[in-house]
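J.: Quick one: the structure is below, questions incoming.
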Amino acid sequence: MCRLLIYKGTEPIQLSHLVTRPKHSIINQAFESKLRMPSSRPMNADGFGIGWYDPLPAPISIMPPRPTSVPAPPTPVYNDDKESGHASHSHAYVPTPSPDLNVNDPSLNLPEDRMAGMEDTSIEILKARERERELENERPCLFKSIHPAWSNANLTRLAEKIRSALVFAHVRASTMAGAPSEDNCHPWMFDKLMWMHNGEINDFKKIKRAVQQSLPEELFLYPSGYTDSEWAFMIFLSKLKDPHARLFTHVELRDAMKETIQFINKLSKEAGITGPSLMNFVVTDGETVVATRYISSRTSEASSLFFSSGTSFDEYQEGGLYRMTKADKRENIIMIASEPLTFERSDWMEVKTNTMIVITPKMNLLQIPIIDEFWVAPQDPAALSRSRDFAIRMGFGLGFASEQAKRDEAEES
């Protein structure tokens with residue numbers, strides 16, 4: 001059972017108010033989840049990851065760089081008259097401009113073509129540096145570790161210093177064999193995009209080759225880990241017109257997410273996989289957030305997912321007791337989480353199964369049904385009878401395990 005958290009606000013927040021200070025922070029959820037799971041999977045101790053975007057704008061250079069091709073200082077150059085043994089002054093020395101000189105000064109009497117060349121070089125260097133700074137500022141920062149989140153002193157120290165208006169946090173409980181690795185910790189990034197997953201693609205090994213064959217070479221070679229979650233990210237990127245784009249609309253990201261789920265379901269069906277997949281995916285480009293609560297089943301509940309919104313998120317009592325405050329109708333803060341960070345039930349709303357939640361750049365919150373063969377309309381009585389047993393048995397559950405889930409766990413043990 002993984003736990004994830006997303007924060008998007010109109011103002012940056014100190015990370016410690018999300019990941020370390022609250023009594024039920026995502027770090028505490030790693031070892032003390034209130035949404036209970038089977039005792040066979042009691043902790044999220046296979047690593048953690050934090051991703052955030054720098055709230056500061058890229059610095060703007062107001063002075064053009066000095067041309068590196070112009071030597072300094074100016075040196076007199078003479079032609080020697082070797083036959084007479086005397087220095088000839090028939091050719092006056094040509095001054096070489098220093099980097100501090102204004103190449104537009106007419107008194108320098110420089111050739112026009114040389115001046116134009118220097119200006120073009122300076123402008124191109126300046127533009128290149130500006131582009132580089134802008135691109136770097138758009139990319140998220142990541143901090144990952146395979147150590148348990150609750151015992152990582154670096155995380156605690158960094159959380160007290162870092163502020164951001166868009167934060168991803170994830171604590172991991174591995175569902176795959178193999179030693180823990182930072183490459184397998186969430187979130188992942190690709191240029192300005194960032195991705196997390198809580199869940200499991202059922203029998204992923206049976207569709208892994210088909211997934212890889214569907215990808216362009218760049219995306220096939222990109223993953224550094226081997227999880228189903230990271231390969232799902234590659235599928236998502238392949239559904240975008242240009243994953244390197246510097247601007248995405250929320251509609252583009254929403255549609256790519258739907259296509260990702262549809263493609264995984266298609267491959268699973270072709271491979272004869274009958275068990276459900278749990279696909280709580282989250283992606284952002286630093287402006288829009290798209291999250292899903294989804295399961296490829298008409299009868300089971302998906303992994304838990306909640307959201308909360310308001311004007312401020314503050315500690316109202318010592319001991320890490322926080323609450324979301326709504327001073328007016330504005331949505332200054334929107335949080336999405338596998339498990340609520342506060343004990344105020346009224347702070348949080350449950351996302352319906354097989355629903356997508358979108359936070360637009362203007363802080364509008366949209367809930368969009370994912371209508372496919374596994375969609376059950378809310379007015380359908382079957383929507384109220386979805387079983388939580390599968391998600392609970394797999395360790396992604398919501399609430400206390402049912403009697404059937406307990407019996408299944410006892411039989412497996």
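Within each chain, counting starts at residue 1; across the structure tokens, chains are named A, B, ... in the order shown, with ligands numbered 1 upward in that order.
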Can you tell me which residues surround Ser16 (chain A) at a distance of at most 8 Å, considering only C-alpha atoms, apart from same-chain residues fewer than 2 positions away, and format the answer as a list in words?
T.: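 Listing them by chain and then by number gives Gln14, Leu18, Val19, Thr20, Arg21, Thr156, Ala159 and Glu160 of chain A.
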J.: For the residues in that selection, give me N, CA and C atoms as a PDB file, in the first residue's frame.
T.:
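This went into out-v7.pdb:
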ATOM      1  N   GLN A  14       5.462  25.786   3.167  1.00  0.00           N
ATOM      2  CA  GLN A  14       6.644  25.089   3.674  1.00  0.00           C
ATOM      3  C   GLN A  14       6.338  23.595   3.712  1.00  0.00           C
ATOM      4  N   LEU A  18       3.230  19.758   5.384  1.00  0.00           N
ATOM      5  CA  LEU A  18       2.569  18.665   4.673  1.00  0.00           C
ATOM      6  C   LEU A  18       3.139  17.301   5.047  1.00  0.00           C
ATOM      7  N   VAL A  19       4.475  17.230   5.159  1.00  0.00           N
ATOM      8  CA  VAL A  19       5.101  15.901   5.228  1.00  0.00           C
ATOM      9  C   VAL A  19       5.644  15.522   6.597  1.00  0.00           C
ATOM     10  N   THR A  20       5.871  16.486   7.493  1.00  0.00           N
ATOM     11  CA  THR A  20       6.477  16.119   8.776  1.00  0.00           C
ATOM     12  C   THR A  20       5.688  16.597   9.995  1.00  0.00           C
ATOM     13  N   ARG A  21       5.160  17.803   9.976  1.00  0.00           N
ATOM     14  CA  ARG A  21       4.570  18.364  11.195  1.00  0.00           C
ATOM     15  C   ARG A  21       3.177  17.843  11.535  1.00  0.00           C
ATOM     16  N   THR A 156      13.634  15.698   7.011  1.00  0.00           N
ATOM     17  CA  THR A 156      13.138  16.608   8.044  1.00  0.00           C
ATOM     18  C   THR A 156      13.774  17.986   7.916  1.00  0.00           C
ATOM     19  N   ALA A 159      12.560  19.766   4.614  1.00  0.00           N
ATOM     20  CA  ALA A 159      11.155  20.163   4.688  1.00  0.00           C
ATOM     21  C   ALA A 159      10.966  21.475   5.442  1.00  0.00           C
ATOM     22  N   GLU A 160      11.898  21.818   6.314  1.00  0.00           N
ATOM     23  CA  GLU A 160      11.812  23.069   7.053  1.00  0.00           C
ATOM     24  C   GLU A 160      12.285  24.261   6.228  1.00  0.00           C
TER      25      GLU A 160
END
J.: Can you pull out the residues contacting region 139-154 of chain A? Cut-off 6 Å, using only C-alpha atoms, and skip same-chain residues under 6 positions away; I want them as a PyMOL selection string.
T.: chain A and resi 27+45-53+181-182+191-192
J.: Keeping all heavy atoms, export the residues of the selection given above as a compact mmCIF listing (two decimals), in the first residue's frame.
T.:
# COMPACT_ATOMS: atom_id res chain seq x y z
N ILE A 27 4.29 11.08 6.33
CA ILE A 27 5.34 10.29 6.97
C ILE A 27 4.74 9.37 8.02
O ILE A 27 5.07 8.19 8.12
CB ILE A 27 6.41 11.20 7.59
CG1 ILE A 27 7.31 11.76 6.50
CG2 ILE A 27 7.24 10.45 8.62
CD1 ILE A 27 8.45 12.61 7.01
N ALA A 45 7.67 1.12 3.86
CA ALA A 45 9.07 1.29 4.26
C ALA A 45 10.04 1.04 3.11
O ALA A 45 11.24 0.86 3.34
CB ALA A 45 9.40 0.34 5.41
N ASP A 46 9.55 1.05 1.86
CA ASP A 46 10.41 0.75 0.71
C ASP A 46 10.87 2.02 0.00
O ASP A 46 11.22 1.99 -1.18
CB ASP A 46 9.66 -0.15 -0.28
CG ASP A 46 9.39 -1.53 0.32
OD1 ASP A 46 10.27 -2.05 1.02
OD2 ASP A 46 8.29 -2.06 0.10
N GLY A 47 10.89 3.13 0.72
CA GLY A 47 11.38 4.37 0.14
C GLY A 47 10.30 5.44 0.08
O GLY A 47 9.12 5.19 0.33
N PHE A 48 10.74 6.64 -0.27
CA PHE A 48 9.82 7.77 -0.39
C PHE A 48 10.37 8.72 -1.43
O PHE A 48 11.52 8.61 -1.88
CB PHE A 48 9.66 8.49 0.95
CG PHE A 48 10.89 9.23 1.40
CD1 PHE A 48 11.14 10.54 0.99
CD2 PHE A 48 11.83 8.61 2.21
CE1 PHE A 48 12.28 11.21 1.38
CE2 PHE A 48 12.98 9.28 2.60
CZ PHE A 48 13.20 10.59 2.18
N GLY A 49 9.54 9.67 -1.81
CA GLY A 49 9.97 10.69 -2.75
C GLY A 49 9.16 11.96 -2.57
O GLY A 49 7.97 11.91 -2.23
N ILE A 50 9.83 13.10 -2.76
CA ILE A 50 9.18 14.40 -2.73
C ILE A 50 9.52 15.11 -4.04
O ILE A 50 10.67 15.11 -4.49
CB ILE A 50 9.69 15.27 -1.56
CG1 ILE A 50 9.57 14.52 -0.23
CG2 ILE A 50 8.93 16.59 -1.50
CD1 ILE A 50 8.16 14.32 0.25
N GLY A 51 8.52 15.71 -4.66
CA GLY A 51 8.75 16.50 -5.87
C GLY A 51 8.09 17.85 -5.72
O GLY A 51 6.99 17.96 -5.17
N TRP A 52 8.76 18.90 -6.18
CA TRP A 52 8.19 20.24 -6.06
C TRP A 52 8.74 21.13 -7.17
O TRP A 52 9.75 20.84 -7.80
CB TRP A 52 8.50 20.84 -4.69
CG TRP A 52 9.95 21.18 -4.47
CD1 TRP A 52 10.57 22.39 -4.64
CD2 TRP A 52 10.99 20.28 -4.02
NE1 TRP A 52 11.91 22.31 -4.34
CE2 TRP A 52 12.20 21.03 -3.96
CE3 TRP A 52 11.01 18.92 -3.67
CZ2 TRP A 52 13.40 20.46 -3.57
CZ3 TRP A 52 12.22 18.36 -3.29
CH2 TRP A 52 13.39 19.13 -3.23
N TYR A 53 8.05 22.23 -7.39
CA TYR A 53 8.46 23.21 -8.38
C TYR A 53 8.98 24.45 -7.68
O TYR A 53 8.40 24.89 -6.67
CB TYR A 53 7.29 23.57 -9.31
CG TYR A 53 6.90 22.44 -10.22
CD1 TYR A 53 6.02 21.44 -9.79
CD2 TYR A 53 7.40 22.35 -11.52
CE1 TYR A 53 5.66 20.39 -10.63
CE2 TYR A 53 7.04 21.32 -12.36
CZ TYR A 53 6.17 20.34 -11.91
OH TYR A 53 5.82 19.29 -12.74
N SER A 181 15.07 0.46 -4.50
CA SER A 181 15.96 1.28 -5.32
C SER A 181 15.36 2.67 -5.47
O SER A 181 14.14 2.81 -5.61
CB SER A 181 16.15 0.65 -6.70
OG SER A 181 16.71 1.56 -7.62
N GLU A 182 16.20 3.69 -5.45
CA GLU A 182 15.71 5.06 -5.66
C GLU A 182 15.09 5.20 -7.04
O GLU A 182 14.18 6.00 -7.24
CB GLU A 182 16.85 6.06 -5.48
CG GLU A 182 17.26 6.25 -4.04
CD GLU A 182 18.32 7.32 -3.87
OE1 GLU A 182 18.61 8.03 -4.86
OE2 GLU A 182 18.85 7.46 -2.76
N ASP A 191 11.11 16.16 -18.38
CA ASP A 191 11.07 17.60 -18.61
C ASP A 191 10.24 18.27 -17.51
O ASP A 191 10.56 18.13 -16.35
CB ASP A 191 10.54 17.92 -20.00
CG ASP A 191 11.62 17.78 -21.08
OD1 ASP A 191 12.78 17.47 -20.71
OD2 ASP A 191 11.33 17.97 -22.25
N LYS A 192 9.14 18.92 -17.83
CA LYS A 192 8.38 19.64 -16.81
C LYS A 192 7.27 18.80 -16.20
O LYS A 192 6.56 19.27 -15.29
CB LYS A 192 7.81 20.94 -17.38
CG LYS A 192 6.75 20.75 -18.46
CD LYS A 192 6.27 22.09 -19.00
CE LYS A 192 5.62 22.93 -17.93
NZ LYS A 192 5.06 24.19 -18.46
J.: Could you check how far CA of Leu341 (chain A) sits from CA of Thr360 (chain A), in Å to one decimal?
T.: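 Between CA of Leu341 (chain A) and CA of Thr360 (chain A) the gap is 22.4 Å.
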J.: Quick check, in Å to one decimal: how far apart do CA of Glu350 (chain A) and CA of Ala291 (chain A) lie?
T.: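 A separation of 12.9 Å between them.
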J.: Looking only at the backbone, which of the residues in region 161-248 of chain A does DSSP tag as helix (DSSP H, G or I), as an MDAnalysis selection string?
T.: chainID A and resid 182:184 204:206 208:213 217:221 228:238
J.: Skip Thr249 (chain A) itself and residues of its chain fewer than 3 positions away, then list as a PDB file with all heavy atoms, in the first residue's frame all residues within 12 Å of it, counting only C-alpha atoms.
T.:
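This went into selection-v9.pdb:
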ATOM      1  N   LEU A 240       0.747  11.963 -25.493  1.00  0.00           N
ATOM      2  CA  LEU A 240       0.810  13.398 -25.703  1.00  0.00           C
ATOM      3  C   LEU A 240       1.341  13.698 -27.101  1.00  0.00           C
ATOM      4  O   LEU A 240       2.187  12.974 -27.619  1.00  0.00           O
ATOM      5  CB  LEU A 240       1.729  14.055 -24.665  1.00  0.00           C
ATOM      6  CG  LEU A 240       1.263  14.003 -23.209  1.00  0.00           C
ATOM      7  CD1 LEU A 240       2.392  14.452 -22.281  1.00  0.00           C
ATOM      8  CD2 LEU A 240       0.025  14.870 -22.999  1.00  0.00           C
ATOM      9  N   LYS A 241       0.873  14.765 -27.679  1.00  0.00           N
ATOM     10  CA  LYS A 241       1.346  15.154 -29.005  1.00  0.00           C
ATOM     11  C   LYS A 241       2.837  15.430 -28.984  1.00  0.00           C
ATOM     12  O   LYS A 241       3.572  15.031 -29.890  1.00  0.00           O
ATOM     13  CB  LYS A 241       0.576  16.392 -29.488  1.00  0.00           C
ATOM     14  CG  LYS A 241       0.921  16.819 -30.903  1.00  0.00           C
ATOM     15  CD  LYS A 241       0.080  18.004 -31.338  1.00  0.00           C
ATOM     16  CE  LYS A 241       0.436  18.433 -32.761  1.00  0.00           C
ATOM     17  NZ  LYS A 241      -0.396  19.605 -33.199  1.00  0.00           N
ATOM     18  N   ALA A 245       6.820  19.461 -24.840  1.00  0.00           N
ATOM     19  CA  ALA A 245       6.203  20.787 -24.958  1.00  0.00           C
ATOM     20  C   ALA A 245       6.358  21.569 -23.656  1.00  0.00           C
ATOM     21  O   ALA A 245       6.415  20.992 -22.560  1.00  0.00           O
ATOM     22  CB  ALA A 245       4.727  20.647 -25.314  1.00  0.00           C
ATOM     23  N   ARG A 246       6.410  22.875 -23.797  1.00  0.00           N
ATOM     24  CA  ARG A 246       6.539  23.730 -22.616  1.00  0.00           C
ATOM     25  C   ARG A 246       5.185  24.219 -22.118  1.00  0.00           C
ATOM     26  O   ARG A 246       5.101  24.877 -21.084  1.00  0.00           O
ATOM     27  CB  ARG A 246       7.454  24.908 -22.929  1.00  0.00           C
ATOM     28  CG  ARG A 246       8.880  24.486 -23.220  1.00  0.00           C
ATOM     29  CD  ARG A 246       9.768  25.683 -23.485  1.00  0.00           C
ATOM     30  NE  ARG A 246       9.814  26.578 -22.339  1.00  0.00           N
ATOM     31  CZ  ARG A 246      10.428  27.752 -22.348  1.00  0.00           C
ATOM     32  NH1 ARG A 246      11.015  28.179 -23.448  1.00  0.00           N
ATOM     33  NH2 ARG A 246      10.436  28.517 -21.266  1.00  0.00           N
ATOM     34  N   GLU A 252      -5.543  18.542 -22.661  1.00  0.00           N
ATOM     35  CA  GLU A 252      -4.539  17.626 -23.208  1.00  0.00           C
ATOM     36  C   GLU A 252      -4.122  16.590 -22.178  1.00  0.00           C
ATOM     37  O   GLU A 252      -4.050  15.385 -22.474  1.00  0.00           O
ATOM     38  CB  GLU A 252      -3.305  18.412 -23.658  1.00  0.00           C
ATOM     39  CG  GLU A 252      -3.463  19.204 -24.926  1.00  0.00           C
ATOM     40  CD  GLU A 252      -2.181  19.936 -25.273  1.00  0.00           C
ATOM     41  OE1 GLU A 252      -1.973  21.057 -24.755  1.00  0.00           O
ATOM     42  OE2 GLU A 252      -1.382  19.390 -26.051  1.00  0.00           O
ATOM     43  N   LEU A 253      -3.841  17.032 -20.961  1.00  0.00           N
ATOM     44  CA  LEU A 253      -3.401  16.117 -19.909  1.00  0.00           C
ATOM     45  C   LEU A 253      -4.528  15.165 -19.512  1.00  0.00           C
ATOM     46  O   LEU A 253      -4.298  13.975 -19.283  1.00  0.00           O
ATOM     47  CB  LEU A 253      -2.913  16.912 -18.700  1.00  0.00           C
ATOM     48  CG  LEU A 253      -1.697  17.816 -18.941  1.00  0.00           C
ATOM     49  CD1 LEU A 253      -1.333  18.574 -17.667  1.00  0.00           C
ATOM     50  CD2 LEU A 253      -0.501  17.015 -19.437  1.00  0.00           C
ATOM     51  N   ARG A 254      -5.737  15.691 -19.452  1.00  0.00           N
ATOM     52  CA  ARG A 254      -6.892  14.857 -19.106  1.00  0.00           C
ATOM     53  C   ARG A 254      -7.113  13.773 -20.153  1.00  0.00           C
ATOM     54  O   ARG A 254      -7.316  12.593 -19.820  1.00  0.00           O
ATOM     55  CB  ARG A 254      -8.128  15.746 -19.000  1.00  0.00           C
ATOM     56  CG  ARG A 254      -9.415  15.025 -18.650  1.00  0.00           C
ATOM     57  CD  ARG A 254     -10.596  15.948 -18.874  1.00  0.00           C
ATOM     58  NE  ARG A 254     -10.857  16.143 -20.308  1.00  0.00           N
ATOM     59  CZ  ARG A 254     -11.689  17.058 -20.788  1.00  0.00           C
ATOM     60  NH1 ARG A 254     -12.312  17.896 -19.967  1.00  0.00           N
ATOM     61  NH2 ARG A 254     -11.888  17.153 -22.080  1.00  0.00           N
ATOM     62  N   ASP A 255      -7.061  14.143 -21.427  1.00  0.00           N
ATOM     63  CA  ASP A 255      -7.295  13.170 -22.499  1.00  0.00           C
ATOM     64  C   ASP A 255      -6.196  12.118 -22.546  1.00  0.00           C
ATOM     65  O   ASP A 255      -6.463  10.928 -22.772  1.00  0.00           O
ATOM     66  CB  ASP A 255      -7.403  13.887 -23.845  1.00  0.00           C
ATOM     67  CG  ASP A 255      -8.675  14.711 -23.973  1.00  0.00           C
ATOM     68  OD1 ASP A 255      -9.577  14.537 -23.128  1.00  0.00           O
ATOM     69  OD2 ASP A 255      -8.764  15.532 -24.907  1.00  0.00           O
ATOM     70  N   ALA A 256      -4.945  12.545 -22.332  1.00  0.00           N
ATOM     71  CA  ALA A 256      -3.835  11.582 -22.332  1.00  0.00           C
ATOM     72  C   ALA A 256      -3.980  10.588 -21.186  1.00  0.00           C
ATOM     73  O   ALA A 256      -3.642   9.403 -21.332  1.00  0.00           O
ATOM     74  CB  ALA A 256      -2.501  12.323 -22.235  1.00  0.00           C
ATOM     75  N   THR A 284       1.324  16.089 -13.254  1.00  0.00           N
ATOM     76  CA  THR A 284       1.264  17.553 -13.299  1.00  0.00           C
ATOM     77  C   THR A 284       2.340  18.083 -14.228  1.00  0.00           C
ATOM     78  O   THR A 284       3.369  17.429 -14.435  1.00  0.00           O
ATOM     79  CB  THR A 284       1.444  18.167 -11.898  1.00  0.00           C
ATOM     80  OG1 THR A 284       1.300  19.585 -11.984  1.00  0.00           O
ATOM     81  CG2 THR A 284       2.821  17.868 -11.336  1.00  0.00           C
ATOM     82  N   ASP A 285       2.076  19.270 -14.767  1.00  0.00           N
ATOM     83  CA  ASP A 285       3.082  19.986 -15.549  1.00  0.00           C
ATOM     84  C   ASP A 285       3.548  21.233 -14.814  1.00  0.00           C
ATOM     85  O   ASP A 285       4.195  22.098 -15.388  1.00  0.00           O
ATOM     86  CB  ASP A 285       2.521  20.370 -16.927  1.00  0.00           C
ATOM     87  CG  ASP A 285       1.352  21.345 -16.829  1.00  0.00           C
ATOM     88  OD1 ASP A 285       0.786  21.488 -15.723  1.00  0.00           O
ATOM     89  OD2 ASP A 285       1.006  21.963 -17.849  1.00  0.00           O
ATOM     90  N   GLY A 286       3.206  21.329 -13.545  1.00  0.00           N
ATOM     91  CA  GLY A 286       3.534  22.503 -12.762  1.00  0.00           C
ATOM     92  C   GLY A 286       2.423  23.529 -12.725  1.00  0.00           C
ATOM     93  O   GLY A 286       2.463  24.471 -11.930  1.00  0.00           O
ATOM     94  N   GLU A 287       1.416  23.358 -13.577  1.00  0.00           N
ATOM     95  CA  GLU A 287       0.274  24.281 -13.632  1.00  0.00           C
ATOM     96  C   GLU A 287      -1.045  23.544 -13.385  1.00  0.00           C
ATOM     97  O   GLU A 287      -1.874  23.977 -12.598  1.00  0.00           O
ATOM     98  CB  GLU A 287       0.218  24.966 -15.009  1.00  0.00           C
ATOM     99  CG  GLU A 287       1.451  25.775 -15.358  1.00  0.00           C
ATOM    100  CD  GLU A 287       1.561  27.054 -14.560  1.00  0.00           C
ATOM    101  OE1 GLU A 287       0.521  27.496 -14.044  1.00  0.00           O
ATOM    102  OE2 GLU A 287       2.667  27.602 -14.452  1.00  0.00           O
ATOM    103  N   THR A 288      -1.229  22.431 -14.087  1.00  0.00           N
ATOM    104  CA  THR A 288      -2.430  21.604 -13.979  1.00  0.00           C
ATOM    105  C   THR A 288      -2.086  20.323 -13.216  1.00  0.00           C
ATOM    106  O   THR A 288      -0.975  19.809 -13.328  1.00  0.00           O
ATOM    107  CB  THR A 288      -2.958  21.240 -15.374  1.00  0.00           C
ATOM    108  OG1 THR A 288      -3.362  22.425 -16.045  1.00  0.00           O
ATOM    109  CG2 THR A 288      -4.151  20.294 -15.296  1.00  0.00           C
ATOM    110  N   VAL A 289      -3.044  19.816 -12.459  1.00  0.00           N
ATOM    111  CA  VAL A 289      -2.910  18.507 -11.814  1.00  0.00           C
ATOM    112  C   VAL A 289      -4.061  17.627 -12.279  1.00  0.00           C
ATOM    113  O   VAL A 289      -5.217  18.065 -12.281  1.00  0.00           O
ATOM    114  CB  VAL A 289      -2.927  18.614 -10.278  1.00  0.00           C
ATOM    115  CG1 VAL A 289      -2.896  17.220  -9.641  1.00  0.00           C
ATOM    116  CG2 VAL A 289      -1.756  19.447  -9.778  1.00  0.00           C
ATOM    117  N   VAL A 290      -3.750  16.400 -12.688  1.00  0.00           N
ATOM    118  CA  VAL A 290      -4.770  15.416 -13.063  1.00  0.00           C
ATOM    119  C   VAL A 290      -4.545  14.169 -12.219  1.00  0.00           C
ATOM    120  O   VAL A 290      -3.431  13.627 -12.187  1.00  0.00           O
ATOM    121  CB  VAL A 290      -4.703  15.061 -14.557  1.00  0.00           C
ATOM    122  CG1 VAL A 290      -5.731  13.978 -14.891  1.00  0.00           C
ATOM    123  CG2 VAL A 290      -4.939  16.290 -15.424  1.00  0.00           C
ATOM    124  N   VAL A 358      -9.440  17.057 -11.679  1.00  0.00           N
ATOM    125  CA  VAL A 358      -8.540  17.972 -12.379  1.00  0.00           C
ATOM    126  C   VAL A 358      -8.491  19.295 -11.631  1.00  0.00           C
ATOM    127  O   VAL A 358      -9.535  19.868 -11.303  1.00  0.00           O
ATOM    128  CB  VAL A 358      -9.007  18.214 -13.834  1.00  0.00           C
ATOM    129  CG1 VAL A 358      -8.075  19.207 -14.540  1.00  0.00           C
ATOM    130  CG2 VAL A 358      -9.075  16.901 -14.606  1.00  0.00           C
ATOM    131  N   ILE A 359      -7.273  19.763 -11.358  1.00  0.00           N
ATOM    132  CA  ILE A 359      -7.075  21.110 -10.814  1.00  0.00           C
ATOM    133  C   ILE A 359      -6.492  21.946 -11.940  1.00  0.00           C
ATOM    134  O   ILE A 359      -5.387  21.688 -12.413  1.00  0.00           O
ATOM    135  CB  ILE A 359      -6.123  21.114  -9.607  1.00  0.00           C
ATOM    136  CG1 ILE A 359      -6.566  20.109  -8.543  1.00  0.00           C
ATOM    137  CG2 ILE A 359      -6.046  22.514  -9.008  1.00  0.00           C
ATOM    138  CD1 ILE A 359      -5.582  19.961  -7.398  1.00  0.00           C
ATOM    139  N   THR A 360      -7.222  22.951 -12.388  1.00  0.00           N
ATOM    140  CA  THR A 360      -6.780  23.768 -13.508  1.00  0.00           C
ATOM    141  C   THR A 360      -5.787  24.829 -13.019  1.00  0.00           C
ATOM    142  O   THR A 360      -5.674  25.089 -11.813  1.00  0.00           O
ATOM    143  CB  THR A 360      -7.969  24.461 -14.193  1.00  0.00           C
ATOM    144  OG1 THR A 360      -8.469  25.482 -13.314  1.00  0.00           O
ATOM    145  CG2 THR A 360      -9.080  23.465 -14.509  1.00  0.00           C
ATOM    146  N   PRO A 361      -5.068  25.474 -13.947  1.00  0.00           N
ATOM    147  CA  PRO A 361      -4.140  26.538 -13.537  1.00  0.00           C
ATOM    148  C   PRO A 361      -4.807  27.660 -12.754  1.00  0.00           C
ATOM    149  O   PRO A 361      -4.160  28.322 -11.947  1.00  0.00           O
ATOM    150  CB  PRO A 361      -3.587  27.040 -14.878  1.00  0.00           C
ATOM    151  CG  PRO A 361      -3.666  25.866 -15.787  1.00  0.00           C
ATOM    152  CD  PRO A 361      -4.930  25.165 -15.394  1.00  0.00           C
ATOM    153  N   LYS A 362      -6.115  27.886 -12.974  1.00  0.00           N
ATOM    154  CA  LYS A 362      -6.845  28.938 -12.265  1.00  0.00           C
ATOM    155  C   LYS A 362      -7.491  28.437 -10.979  1.00  0.00           C
ATOM    156  O   LYS A 362      -8.367  29.095 -10.412  1.00  0.00           O
ATOM    157  CB  LYS A 362      -7.898  29.554 -13.179  1.00  0.00           C
ATOM    158  CG  LYS A 362      -7.305  30.320 -14.357  1.00  0.00           C
ATOM    159  CD  LYS A 362      -8.392  30.993 -15.185  1.00  0.00           C
ATOM    160  CE  LYS A 362      -7.788  31.808 -16.322  1.00  0.00           C
ATOM    161  NZ  LYS A 362      -8.835  32.494 -17.134  1.00  0.00           N
TER     162      LYS A 362
END
J.: Give the answer as one residue: which of A:Lys326, A:Leu215, A:Pro12, A:Ile261 has the shortest atom-to-atom distance to Val167 (chain A), using only C-alpha atoms?
T.: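 With only C-alpha atoms as the atom set, the closest residue is A:Pro12.
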J.: To one decimal place, how far is CA of Phe306 (chain A) from CA of Glu339 (chain A) in Å?
T.: 6.6 Å
